[in-house]
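What follows is the content of model.txt, which has compact mmCIF, C-alpha atoms:
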```
# COMPACT_ATOMS: atom_id res chain seq x y z
CA MET H 1 1.17 -17.62 22.79
CA LYS H 2 4.69 -16.23 22.93
CA ASN H 3 6.34 -19.65 22.89
CA SER H 4 3.90 -21.42 20.61
CA LYS H 5 6.36 -21.98 17.77
CA LEU H 6 8.86 -23.58 20.10
CA LEU H 7 6.06 -25.70 21.50
CA ALA H 8 5.02 -26.69 18.00
CA VAL H 9 8.52 -27.76 17.03
CA THR H 10 8.93 -29.71 20.25
CA ILE H 11 5.66 -31.57 19.92
CA ALA H 12 6.25 -32.22 16.23
CA ALA H 13 9.32 -34.23 17.11
CA PHE H 14 7.71 -35.79 20.16
CA LEU H 15 4.90 -37.07 18.00
CA LEU H 16 7.26 -39.29 16.06
CA PHE H 17 6.46 -41.77 18.81
CA SER H 18 3.67 -40.30 20.91
CA THR H 19 0.26 -41.87 20.42
CA GLY H 20 -2.06 -39.61 22.28
CA CYS H 21 -4.08 -42.70 23.04
CA LYS H 22 -3.38 -44.69 19.94
CA LYS H 23 -3.85 -48.34 19.44
CA ASP H 24 -1.39 -49.79 16.97
CA VAL H 25 2.21 -48.87 17.39
CA ASN H 26 3.63 -46.32 12.71
CA PHE H 27 6.76 -44.60 13.06
CA GLU H 28 6.39 -42.90 9.71
CA SER H 29 6.78 -39.22 10.36
CA SER H 30 3.99 -36.91 9.28
CA ASP H 31 4.54 -34.16 6.74
CA LEU H 32 4.61 -31.71 9.62
CA SER H 33 7.31 -33.68 11.34
CA ASN H 34 9.35 -33.62 8.14
CA ASP H 35 8.91 -29.87 7.95
CA LEU H 36 9.64 -29.13 11.58
CA LEU H 37 12.08 -31.73 12.83
CA MET H 38 15.53 -30.23 13.30
CA SER H 39 17.92 -32.56 11.53
CA LYS H 40 21.17 -33.13 13.35
CA LYS H 41 22.92 -33.16 9.98
CA THR H 42 21.78 -29.65 9.11
CA THR H 43 21.54 -28.03 12.53
CA ALA H 44 24.47 -27.34 14.80
CA PRO H 45 22.96 -25.29 17.64
CA LYS H 46 25.06 -22.59 19.20
CA PRO H 47 26.47 -24.02 22.43
CA GLN H 48 25.37 -22.61 25.76
CA GLN H 49 26.27 -23.89 29.21
CA VAL H 50 28.33 -26.57 27.47
CA SER H 51 31.51 -28.04 28.93
CA PRO H 52 34.37 -29.07 26.63
CA ASP H 53 33.53 -32.73 27.21
CA LEU H 54 29.89 -32.19 26.29
CA GLN H 55 30.85 -30.11 23.27
CA GLN H 56 33.04 -32.96 22.05
CA LYS H 57 30.08 -35.34 22.32
CA LEU H 58 27.85 -32.90 20.45
CA ASN H 59 30.39 -32.47 17.67
CA LYS H 60 30.42 -36.23 17.21
CA LEU H 61 26.62 -36.22 17.00
CA VAL H 62 26.76 -33.81 14.06
CA SER H 63 29.65 -35.42 12.21
CA ASP H 64 29.17 -39.19 12.63
CA SER H 65 26.64 -40.59 10.15
CA ARG H 66 26.51 -43.87 12.09
CA LEU H 67 24.67 -42.07 14.86
CA GLU H 68 21.54 -41.43 12.84
CA LEU H 69 18.58 -42.49 14.99
CA LYS H 70 15.94 -44.52 13.18
CA PRO H 71 13.28 -46.46 15.09
CA ASN H 72 13.42 -50.23 14.84
CA ALA H 73 11.09 -51.21 12.00
CA ARG H 74 10.06 -54.36 13.86
CA ILE H 75 8.22 -52.31 16.44
CA PRO H 76 4.57 -51.95 15.37
CA ALA H 77 3.69 -48.45 14.29
CA LEU H 78 1.46 -45.87 15.89
CA ASN H 79 -0.87 -43.89 13.69
CA GLU H 80 -0.94 -40.12 13.76
CA PRO H 81 -1.50 -38.80 17.27
CA ILE H 82 -4.18 -36.54 18.59
CA TYR H 83 -1.80 -33.64 19.23
CA ARG H 84 -1.00 -33.05 15.56
CA ASP H 85 -3.47 -30.20 15.25
CA ILE H 86 -1.72 -28.27 18.03
CA ILE H 87 1.16 -27.84 15.61
CA ARG H 88 -1.09 -26.80 12.75
CA LYS H 89 -2.78 -24.20 14.92
CA ALA H 90 0.46 -22.80 16.24
CA LEU H 91 1.95 -22.43 12.75
CA ALA H 92 -1.32 -21.51 11.03
CA VAL H 93 -0.69 -24.23 8.45
CA GLU H 94 -4.39 -24.64 7.83
CA PRO H 95 -7.67 -23.25 9.18
CA THR H 96 -9.03 -25.04 12.20
CA GLN H 97 -12.12 -24.95 14.37
CA CYS H 98 -10.01 -25.73 17.43
CA ASP H 99 -9.14 -23.06 19.97
CA ALA H 100 -5.42 -22.36 20.23
CA ASN H 101 -5.81 -20.89 23.70
CA THR H 102 -7.13 -23.90 25.56
CA PRO H 103 -6.02 -24.40 29.17
CA ILE H 104 -3.78 -27.31 28.19
CA ASN H 105 -2.14 -25.41 25.32
CA LEU H 106 -1.49 -22.42 27.54
CA TRP H 107 -0.14 -24.57 30.36
CA LEU H 108 2.23 -26.42 28.03
CA ASP H 109 3.37 -23.14 26.55
CA GLN H 110 4.17 -21.87 30.03
CA GLN H 111 6.17 -25.00 30.82
CA LEU H 112 8.24 -24.46 27.68
CA ALA H 113 8.80 -20.75 28.21
CA ASP H 114 12.49 -21.25 29.00
CA TRP H 115 13.13 -23.67 26.11
CA ASN H 116 15.07 -22.00 23.31
CA GLY H 117 16.03 -23.52 19.98
CA THR H 118 19.19 -25.06 21.40
CA VAL H 119 17.37 -26.86 24.21
CA ILE H 120 14.73 -28.13 21.80
CA SER H 121 17.27 -29.27 19.22
CA TYR H 122 19.30 -31.29 21.71
CA ALA H 123 16.17 -32.99 23.01
CA ILE H 124 15.04 -33.86 19.49
CA ASN H 125 18.38 -35.01 18.15
CA THR H 126 18.95 -37.40 21.04
CA ALA H 127 15.34 -38.69 20.96
CA MET H 128 14.90 -37.64 24.58
CA LEU H 129 11.29 -36.82 23.75
CA ASP H 130 10.68 -40.42 22.68
CA LEU H 131 12.81 -42.49 25.05
CA PRO H 132 10.36 -42.65 28.00
CA ASN H 133 7.65 -43.87 25.60
CA TYR H 134 9.87 -46.62 24.22
CA ASP H 135 11.14 -47.65 27.63
CA ALA H 136 7.62 -48.09 28.98
CA LEU H 137 6.45 -49.84 25.82
CA LEU H 138 9.27 -52.35 25.56
CA PHE H 139 10.46 -52.93 29.11
CA GLU H 140 7.72 -52.19 31.64
CA ASN H 141 5.91 -55.50 31.26
CA SER H 142 4.28 -55.95 34.66
CA SER H 143 1.66 -54.01 36.61
CA ALA H 144 3.44 -54.84 39.85
CA ASN H 145 5.28 -52.08 41.73
CA GLN H 146 4.17 -49.35 39.36
CA TYR H 147 3.65 -45.81 40.63
CA PHE H 148 1.85 -43.01 38.84
CA GLY H 149 2.84 -39.36 39.05
CA LEU H 150 6.25 -37.90 39.85
CA LYS H 151 5.75 -38.72 43.53
CA GLY H 152 3.23 -41.51 43.14
CA GLU H 153 0.36 -39.17 43.91
CA TYR H 154 -2.03 -40.85 41.45
CA THR H 155 -1.08 -44.44 42.19
CA GLN H 156 -3.91 -45.43 44.50
CA ARG H 157 -6.59 -43.84 42.34
CA ILE H 158 -5.33 -45.29 39.07
CA ASN H 159 -4.88 -48.78 40.48
CA LYS H 160 -8.36 -48.69 41.99
CA THR H 161 -9.86 -47.52 38.71
CA PHE H 162 -8.04 -50.22 36.75
CA LYS H 163 -9.32 -52.91 39.11
CA ASP H 164 -12.81 -51.46 38.83
CA LEU H 165 -12.72 -51.34 35.03
CA LYS H 166 -11.74 -55.00 34.91
CA ARG H 167 -14.72 -55.83 37.09
CA PHE H 168 -17.11 -53.59 35.15
CA TRP H 169 -16.48 -54.80 31.60
CA ASN H 170 -16.99 -58.44 30.62
CA ILE H 171 -13.75 -58.97 28.74
CA GLN H 172 -10.65 -61.01 29.51
CA THR H 173 -8.39 -58.67 31.44
CA ASN H 174 -5.73 -60.82 33.10
CA GLY H 175 -3.29 -60.18 30.26
CA ILE H 176 -3.55 -56.38 30.28
CA VAL H 177 -0.60 -54.64 31.91
CA LEU H 178 -1.04 -51.18 33.41
CA THR H 179 2.24 -49.32 33.53
CA ALA H 180 3.58 -45.83 34.06
CA MET H 181 5.84 -43.68 31.92
CA HIS H 182 8.41 -41.67 33.84
CA GLY H 183 10.83 -39.08 32.55
CA ASN H 184 13.33 -40.00 35.23
CA MET H 185 14.36 -42.97 33.09
CA LEU H 186 16.44 -40.37 31.28
CA THR H 187 18.71 -40.28 34.35
CA ASP H 188 19.28 -44.05 34.34
CA ARG H 189 22.23 -45.01 32.15
CA ASN H 190 21.27 -48.68 31.96
CA LYS H 191 17.71 -47.87 30.88
CA LEU H 192 18.98 -45.44 28.28
CA ILE H 193 21.37 -48.00 26.83
CA ARG H 194 18.77 -50.74 26.65
CA THR H 195 16.22 -48.41 25.07
CA TYR H 196 18.61 -47.07 22.43
CA THR H 197 19.60 -50.65 21.68
CA ALA H 198 16.10 -52.10 21.42
CA ALA H 199 14.22 -49.16 19.94
CA TYR H 200 16.89 -47.89 17.55
CA GLY H 201 19.02 -50.97 16.95
CA LEU H 202 22.23 -49.30 18.08
CA GLY H 203 25.32 -51.29 18.93
CA THR H 204 26.74 -51.17 22.44
CA GLU H 205 29.29 -48.43 21.73
CA ASP H 206 26.79 -46.10 20.08
CA ALA H 207 24.10 -46.77 22.68
CA GLU H 208 26.57 -45.94 25.44
CA TYR H 209 27.59 -42.76 23.60
CA TYR H 210 23.98 -41.58 23.39
CA ALA H 211 23.28 -42.51 27.01
CA ASP H 212 26.26 -40.52 28.22
CA LEU H 213 25.26 -37.60 26.00
CA VAL H 214 21.75 -37.50 27.48
CA LEU H 215 23.13 -37.61 31.02
CA ALA H 216 25.50 -34.76 30.20
CA LEU H 217 22.69 -32.69 28.67
CA LEU H 218 20.50 -33.19 31.73
CA ASP H 219 23.37 -31.96 33.86
CA ALA H 220 24.05 -28.95 31.64
CA PHE H 221 20.51 -27.73 31.01
CA SER H 222 18.15 -27.15 33.92
CA GLN H 223 15.29 -26.73 31.44
CA TYR H 224 15.00 -30.52 31.20
CA ARG H 225 14.27 -30.65 34.95
CA ASN H 226 16.44 -33.73 35.26
CA GLY H 227 14.00 -35.64 33.08
CA ASP H 228 10.90 -34.56 34.98
CA HIS H 229 9.70 -31.97 32.46
CA PRO H 230 6.12 -32.94 31.54
CA ILE H 231 6.78 -32.78 27.80
CA PHE H 232 8.78 -36.00 28.05
CA THR H 233 5.75 -37.96 29.29
CA PHE H 234 2.80 -35.97 27.97
CA ASN H 235 1.05 -39.07 26.71
CA ALA H 236 -1.22 -41.98 27.53
CA PHE H 237 -1.97 -44.87 25.20
CA ALA H 238 -3.14 -48.44 24.80
CA VAL H 239 -1.25 -50.98 22.75
CA LYS H 240 -1.99 -54.52 21.68
CA GLY H 241 0.64 -57.08 22.53
CA PHE H 242 3.21 -58.11 19.93
CA ASN H 243 6.23 -60.35 19.55
CA PHE H 244 9.54 -58.51 19.66
CA PRO H 245 12.50 -60.91 19.51
CA PRO H 246 14.93 -61.24 21.15
CA TYR H 247 13.12 -59.41 23.94
CA GLY H 248 10.09 -61.69 23.87
CA VAL H 249 6.38 -60.94 23.81
CA ILE H 250 5.32 -57.42 24.70
CA PRO H 251 1.96 -57.82 26.49
CA ASP H 252 -1.25 -55.86 26.02
CA LYS H 253 -0.69 -52.55 27.78
CA ILE H 254 -2.08 -49.28 28.98
CA ILE H 255 0.65 -46.71 29.56
CA MET H 256 0.00 -43.56 31.59
CA GLY H 257 2.53 -40.73 31.40
CA ASP H 258 3.35 -38.48 34.32
CA GLY H 259 3.18 -35.40 32.10
CA ILE H 260 -0.42 -35.83 30.99
CA LEU H 261 -1.53 -36.40 34.59
CA GLU H 262 0.41 -33.39 35.82
CA ALA H 263 -1.06 -31.18 33.12
CA PHE H 264 -4.70 -31.87 33.89
CA ASP H 265 -4.05 -31.65 37.61
CA ALA H 266 -2.41 -28.26 37.14
CA ILE H 267 -5.46 -26.84 35.36
CA GLY H 268 -7.85 -28.12 38.01
CA TYR H 269 -8.98 -31.58 36.92
CA GLY H 270 -6.81 -33.87 39.01
CA ASP H 271 -9.91 -35.38 40.63
CA VAL H 272 -11.30 -36.80 37.39
CA ALA H 273 -8.60 -36.85 34.69
CA PRO H 274 -6.73 -40.03 35.75
CA GLN H 275 -9.93 -42.08 35.85
CA ALA H 276 -11.30 -40.66 32.60
CA ILE H 277 -8.09 -41.08 30.62
CA LEU H 278 -7.60 -44.63 31.91
CA ALA H 279 -11.22 -45.53 31.12
CA HIS H 280 -10.77 -44.30 27.55
CA GLU H 281 -7.60 -46.33 27.04
CA PHE H 282 -9.25 -49.39 28.57
CA GLY H 283 -11.94 -48.98 25.93
CA HIS H 284 -9.37 -49.69 23.24
CA HIS H 285 -8.68 -53.08 24.81
CA ILE H 286 -12.40 -53.83 24.60
CA GLN H 287 -12.08 -53.08 20.90
CA TYR H 288 -9.07 -55.36 20.54
CA GLN H 289 -10.89 -58.27 22.13
CA LEU H 290 -14.06 -57.74 20.10
CA ASN H 291 -12.05 -57.32 16.87
CA LEU H 292 -13.57 -53.92 16.22
CA PHE H 293 -10.58 -52.42 14.43
CA THR H 294 -10.57 -52.61 10.65
CA ASP H 295 -7.64 -52.82 8.26
CA VAL H 296 -8.70 -49.53 6.69
CA ASN H 297 -6.44 -46.65 7.73
CA SER H 298 -8.74 -43.67 7.31
CA PRO H 299 -10.05 -40.70 9.30
CA GLU H 300 -13.49 -42.33 9.38
CA ALA H 301 -12.18 -45.61 10.77
CA THR H 302 -10.13 -43.94 13.51
CA ARG H 303 -12.95 -41.57 14.39
CA ARG H 304 -15.30 -44.52 14.86
CA THR H 305 -13.06 -46.32 17.34
CA GLU H 306 -12.10 -43.14 19.20
CA LEU H 307 -15.69 -41.97 19.60
CA MET H 308 -16.55 -45.48 20.74
CA ALA H 309 -13.81 -45.32 23.38
CA ASP H 310 -15.20 -41.96 24.52
CA ALA H 311 -18.61 -43.56 24.92
CA TYR H 312 -17.21 -46.57 26.79
CA SER H 313 -15.44 -44.20 29.15
CA ALA H 314 -18.47 -42.01 29.85
CA TYR H 315 -20.69 -45.05 30.42
CA TYR H 316 -18.29 -46.42 33.03
CA LEU H 317 -17.58 -43.07 34.70
CA SER H 318 -21.24 -42.21 35.20
CA HIS H 319 -22.70 -45.67 35.85
CA ALA H 320 -23.93 -46.35 39.38
CA ARG H 321 -21.87 -49.54 39.45
CA GLY H 322 -18.92 -47.99 37.67
CA ALA H 323 -17.03 -44.94 38.91
CA SER H 324 -20.37 -43.32 39.82
CA MET H 325 -19.03 -39.81 39.25
CA GLN H 326 -21.13 -36.68 39.10
CA TRP H 327 -21.79 -36.14 35.42
CA LYS H 328 -21.55 -32.35 35.67
CA ARG H 329 -17.98 -32.66 36.90
CA VAL H 330 -17.06 -35.27 34.30
CA LYS H 331 -18.55 -33.12 31.57
CA LEU H 332 -16.49 -30.10 32.62
CA PHE H 333 -13.32 -32.16 32.32
CA LEU H 334 -14.34 -33.64 28.97
CA GLN H 335 -14.99 -30.20 27.55
CA VAL H 336 -11.31 -29.44 28.20
CA PHE H 337 -10.03 -32.89 27.23
CA PHE H 338 -11.89 -32.91 23.92
CA ASN H 339 -10.53 -29.48 22.97
CA ILE H 340 -6.83 -30.31 23.11
CA GLY H 341 -6.43 -29.84 19.39
CA ASP H 342 -7.71 -32.72 17.28
CA CYS H 343 -9.20 -30.86 14.35
CA SER H 344 -7.12 -32.43 11.58
CA PHE H 345 -10.25 -33.67 9.90
CA ASN H 346 -8.49 -35.42 7.02
CA SER H 347 -5.83 -37.06 9.16
CA THR H 348 -5.95 -40.84 9.44
CA GLY H 349 -5.52 -40.31 13.18
CA HIS H 350 -8.51 -38.00 13.52
CA HIS H 351 -10.34 -38.70 16.79
CA GLY H 352 -13.46 -36.71 15.95
CA THR H 353 -14.27 -33.06 16.48
CA PRO H 354 -14.73 -31.76 20.02
CA ALA H 355 -18.48 -31.60 19.37
CA GLN H 356 -18.59 -35.20 18.12
CA ARG H 357 -16.54 -36.48 21.05
CA MET H 358 -18.72 -34.71 23.58
CA ALA H 359 -21.83 -36.06 21.88
CA ALA H 360 -20.42 -39.59 22.08
CA ALA H 361 -19.67 -39.14 25.78
CA GLU H 362 -23.11 -37.69 26.50
CA TRP H 363 -24.69 -40.57 24.65
CA GLY H 364 -22.74 -43.02 26.82
CA TYR H 365 -23.87 -41.17 29.93
CA ASN H 366 -27.50 -41.27 28.79
CA VAL H 367 -27.33 -45.01 28.17
CA ALA H 368 -26.45 -45.43 31.85
CA ASN H 369 -28.72 -42.71 33.20
CA ASN H 370 -31.84 -43.64 31.21
CA ALA H 371 -31.62 -47.40 31.62
CA GLN H 372 -34.89 -49.01 32.70
CA LYS H 373 -33.01 -51.36 34.99
CA GLN H 374 -30.79 -49.01 36.97
CA GLY H 375 -27.64 -50.74 38.11
CA HIS H 376 -27.63 -53.21 35.24
CA ILE H 377 -24.33 -53.25 33.35
CA LEU H 378 -24.56 -53.83 29.62
CA SER H 379 -22.07 -56.28 28.19
CA ALA H 380 -19.36 -54.83 25.99
CA GLN H 381 -21.05 -56.49 23.02
CA GLU H 382 -24.46 -55.00 23.84
CA PHE H 383 -23.07 -51.52 24.39
CA THR H 384 -21.07 -51.69 21.16
CA THR H 385 -24.14 -52.69 19.15
CA LEU H 386 -26.02 -49.69 20.51
CA PHE H 387 -23.10 -47.41 19.72
CA GLU H 388 -22.76 -48.61 16.13
CA ALA H 389 -26.42 -47.73 15.58
CA GLN H 390 -25.85 -44.25 17.03
CA LEU H 391 -22.60 -43.51 15.18
CA PRO H 392 -24.19 -41.93 12.06
CA VAL H 393 -25.94 -39.42 14.31
CA LEU H 394 -22.74 -38.58 16.16
CA VAL H 395 -20.61 -37.99 13.06
CA SER H 396 -23.29 -35.79 11.51
CA LEU H 397 -22.71 -33.14 14.17
```
Can I see the file as C-alpha cells?
Amino acid sequence: MKNSKLLAVTIAAFLLFSTGCKKDVNFESSDLSNDLLMSKKTTAPKPQQVSPDLQQKLNKLVSDSRLELKPNARIPALNEPIYRDIIRKALAVEPTQCDANTPINLWLDQQLADWNGTVISYAINTAMLDLPNYDALLFENSSANQYFGLKGEYTQRINKTFKDLKRFWNIQTNGIVLTAMHGNMLTDRNKLIRTYTAAYGLGTEDAEYYADLVLALLDAFSQYRNGDHPIFTFNAFAVKGFNFPPYGVIPDKIIMGDGILEAFDAIGYGDVAPQAILAHEFGHHIQYQLNLFTDVNSPEATRRTELMADAYSAYYLSHARGASMQWKRVKLFLQVFFNIGDCSFNSTGHHGTPAQRMAAAEWGYNVANNAQKQGHILSAQEFTTLFEAQLPVLVSL
C-alpha cells in the first residue's frame, strides 16, 4: 500500500482516543503511539499553502509550552483499540496473521493518498483526529435530533435498529443515549472551544487559539475535506456513564461515527454494517447491566467480552424476531469486519482473532437457528450463560 506508512502514523495518533468499540474510556498512549506520534516540540513541518496569519499561529504552536495538549485525567480511559494491529502490519513491527490488504485497509489508504507528512502533523498536533470523539462523548447527551451519516443517509435505519434492540433484549434501556459523531464539528468554533476546554483543560485564551488554528487549517488544506474526511470519525463505541463535573453526568452511550459507516458502505456493505455495528455496541451495554466486566485488564478478559458482544450481535441480527437478516449476507459482512486488523494477541485490547470472532458469531446464529421453540427470545442472562459455557471452545480456535 503506497500510503500505508502515512496511514499508520495517522491512525496511531487517532488511537489516542479512538475506541474501536471499547467500553471504558484510558488515555495512556500505547508504545506504538509513543513511537509514531509527531511531537509538536520536535517537528516543525515545512509550510505549504500557509498564509502569514496561519504561519504565525503555527509558530506559536511550536514555541509555546503552555499549548501542550494533554487529555483531562478525569475522563475515564479507553483501553487499546481494535485498530492497533493496522499500524503493526503497516510498519512490520511484528508478525501477524492479519491481512494487510483488506478492503477496509485499502479503502482507508486510498482516502489518505493526498495526505503528506505536513497534513498529518497538523492534524495530530491540534488533536483534530480526537476532537469529534470527545465532542460526542462529552456533549451529545440526548438521542433526540441525531442524524447518522454525512447527509443523514443512515438515520432511519440506525434509529429503527436501536428501537428494535431495546425491544429485543430484556435490559433497562431508557438511560442509553444513541448519538452520532460528525467531523463537521471541526468547523464550529464554539464546539471546538468547549471541547478543548473540557477534554484538555485549556483556559479560554488557549482554547480560542486552538479553535482558530483548526479553522484556519481547514481553510488552507483541502485534504481535511472541511472536517468531513472519514478518518476523523472512523469509530464506533459504547461507553458507560460517568460523572464529569462541572459538566454533570455523562449518560450511558453508543456513539456511531460517520467515517466507519461511510467506509463499509463504500466497500459494499451499507445494507448490513450500520445494524451489525450498532448491535455489537449494544451488546456492551448488556454487559454493563449484567456486571460482566472484570477488573482484570488482560487480553483474555477483553477477548471474552468482545466475543460475547459478537455473539449477542449475531443472535439479534439473525433471529426471526430480531433483525431477521439473511445469515449469508451477514456472514459476508462479518468476514470483512472481523479482518480489520485485530491480531495483537498480547494486547490488553485484543478482541479475538478473526477466526474466533467469526466462530462466536456463527455460534450466536446457531443458537437462534437451532432453537426448538422458533421465535422464542432468550433473556440476556440465559444467552450469556450459554456463551460462557461455549467460550473455551471459541478461544481454542
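Using all atoms listed in the file for every distance, the candidate list H:Leu261, H:Ala266, H:Leu54, H:Leu215 yields H:Ala266 as the residue closest to H:Gln111.
Computed from the coordinates, the atom CA of H:Lys253 to atom CA of H:Pro354 distance equals 26.3 Å.
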List the spatial neighbours of H:Ile193 as a ChimeraX atom specification - criterion: any atom at most 7 Å away, all atoms listed in the file, same-chain residues fewer than 4 positions off excluded.
/H:189,197,207-208,211
Fewer than 3 positions away in the same chain doesn't count, so skip those; otherwise give me all residues within 9 Å of H:Phe264, counting only C-alpha atoms, as a short mmCIF file (atom, residue, chain, number, x, y, z; two decimals) with C-alpha atoms, in the frame of the given file.
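Just written: around11.cif:
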```cif
data_model
loop_
_atom_site.label_atom_id
_atom_site.label_comp_id
_atom_site.auth_asym_id
_atom_site.auth_seq_id
_atom_site.Cartn_x
_atom_site.Cartn_y
_atom_site.Cartn_z
CA PRO H 103 -6.02 -24.40 29.17
CA ILE H 104 -3.78 -27.31 28.19
CA GLY H 259 3.18 -35.40 32.10
CA ILE H 260 -0.42 -35.83 30.99
CA LEU H 261 -1.53 -36.40 34.59
CA ILE H 267 -5.46 -26.84 35.36
CA GLY H 268 -7.85 -28.12 38.01
CA TYR H 269 -8.98 -31.58 36.92
CA GLY H 270 -6.81 -33.87 39.01
CA VAL H 272 -11.30 -36.80 37.39
CA ALA H 273 -8.60 -36.85 34.69
CA PRO H 274 -6.73 -40.03 35.75
CA PHE H 333 -13.32 -32.16 32.32
CA PHE H 337 -10.03 -32.89 27.23
#
```
Residues of stretch 101-168 of chain H within 12 Å of stretch 304-322 of chain H: nearest atom pair and distance (Å, one decimal) for each, counting only C-alpha atoms, sorted by chain and number, as JSON lines?
```
{"residue": "H:Lys160", "atom": "CA", "partner": "H:Gly322", "partner_atom": "CA", "distance": 11.4}
{"residue": "H:Thr161", "atom": "CA", "partner": "H:Gly322", "partner_atom": "CA", "distance": 9.1}
{"residue": "H:Phe162", "atom": "CA", "partner": "H:Gly322", "partner_atom": "CA", "distance": 11.1}
{"residue": "H:Lys163", "atom": "CA", "partner": "H:Gly322", "partner_atom": "CA", "distance": 10.9}
{"residue": "H:Asp164", "atom": "CA", "partner": "H:Gly322", "partner_atom": "CA", "distance": 7.1}
{"residue": "H:Leu165", "atom": "CA", "partner": "H:Gly322", "partner_atom": "CA", "distance": 7.5}
{"residue": "H:Lys166", "atom": "CA", "partner": "H:Gly322", "partner_atom": "CA", "distance": 10.4}
{"residue": "H:Arg167", "atom": "CA", "partner": "H:Gly322", "partner_atom": "CA", "distance": 8.9}
{"residue": "H:Phe168", "atom": "CA", "partner": "H:Gly322", "partner_atom": "CA", "distance": 6.4}
```
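Relative to atom CA of H:Gly183, atom CA of H:Tyr209 is found at 19.4 Å.
Nearest-residue note for H:Lys240: choosing from H:Tyr224, H:Tyr200, H:Phe293, H:Phe387, the minimum distance belongs to H:Phe293, counting all atoms listed in the file.
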Write out as JSON an axis-aligned box for stretch 143-156 of chain H: all of its atoms listed in the file, 8 Å added on each side, centre and edge lengths in Å with one decimal.
```
{"center_x": 1.2, "center_y": -46.4, "center_z": 40.6, "size_x": 26.2, "size_y": 32.9, "size_z": 23.9}
```
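The coordinates place atom CA of H:Ala198 at 9.6 Å from atom CA of H:Phe139.
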Would you list the contacts of H:Ala263 as a PDB file with C-alpha atoms, in the frame of the given file, taking every protein, DNA or RNA residue within 8 Å and counting only C-alpha atoms, but skipping same-chain residues closer than 6 positions in sequence?
```
ATOM      1  CA  ILE H 104      -3.780 -27.310  28.190  1.00  0.00           C
ATOM      2  CA  TRP H 107      -0.140 -24.570  30.360  1.00  0.00           C
ATOM      3  CA  LEU H 108       2.230 -26.420  28.030  1.00  0.00           C
ATOM      4  CA  PRO H 230       6.120 -32.940  31.540  1.00  0.00           C
TER       5      PRO H 230
END
```
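Within 12 Å of H:Phe221, once all atoms listed in the file are used and residues closer than 6 positions along the same chain are dropped, the contacting residues are Pro47, Gln48, Gln49, Val50, Ser51, Leu54, Asp114, Trp115, Asn116, Thr118, Val119, Ile120, Tyr122, Ala123, Val214, Leu215, Gly227 and His229 of chain H.
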### Query
Within 9 Å of H:Lys57, counting only C-alpha atoms, which residues qualify if same-chain residues fewer than 2 places away don't, as a ChimeraX atom specification?
/H:52-55,59-61,209-210,212-213
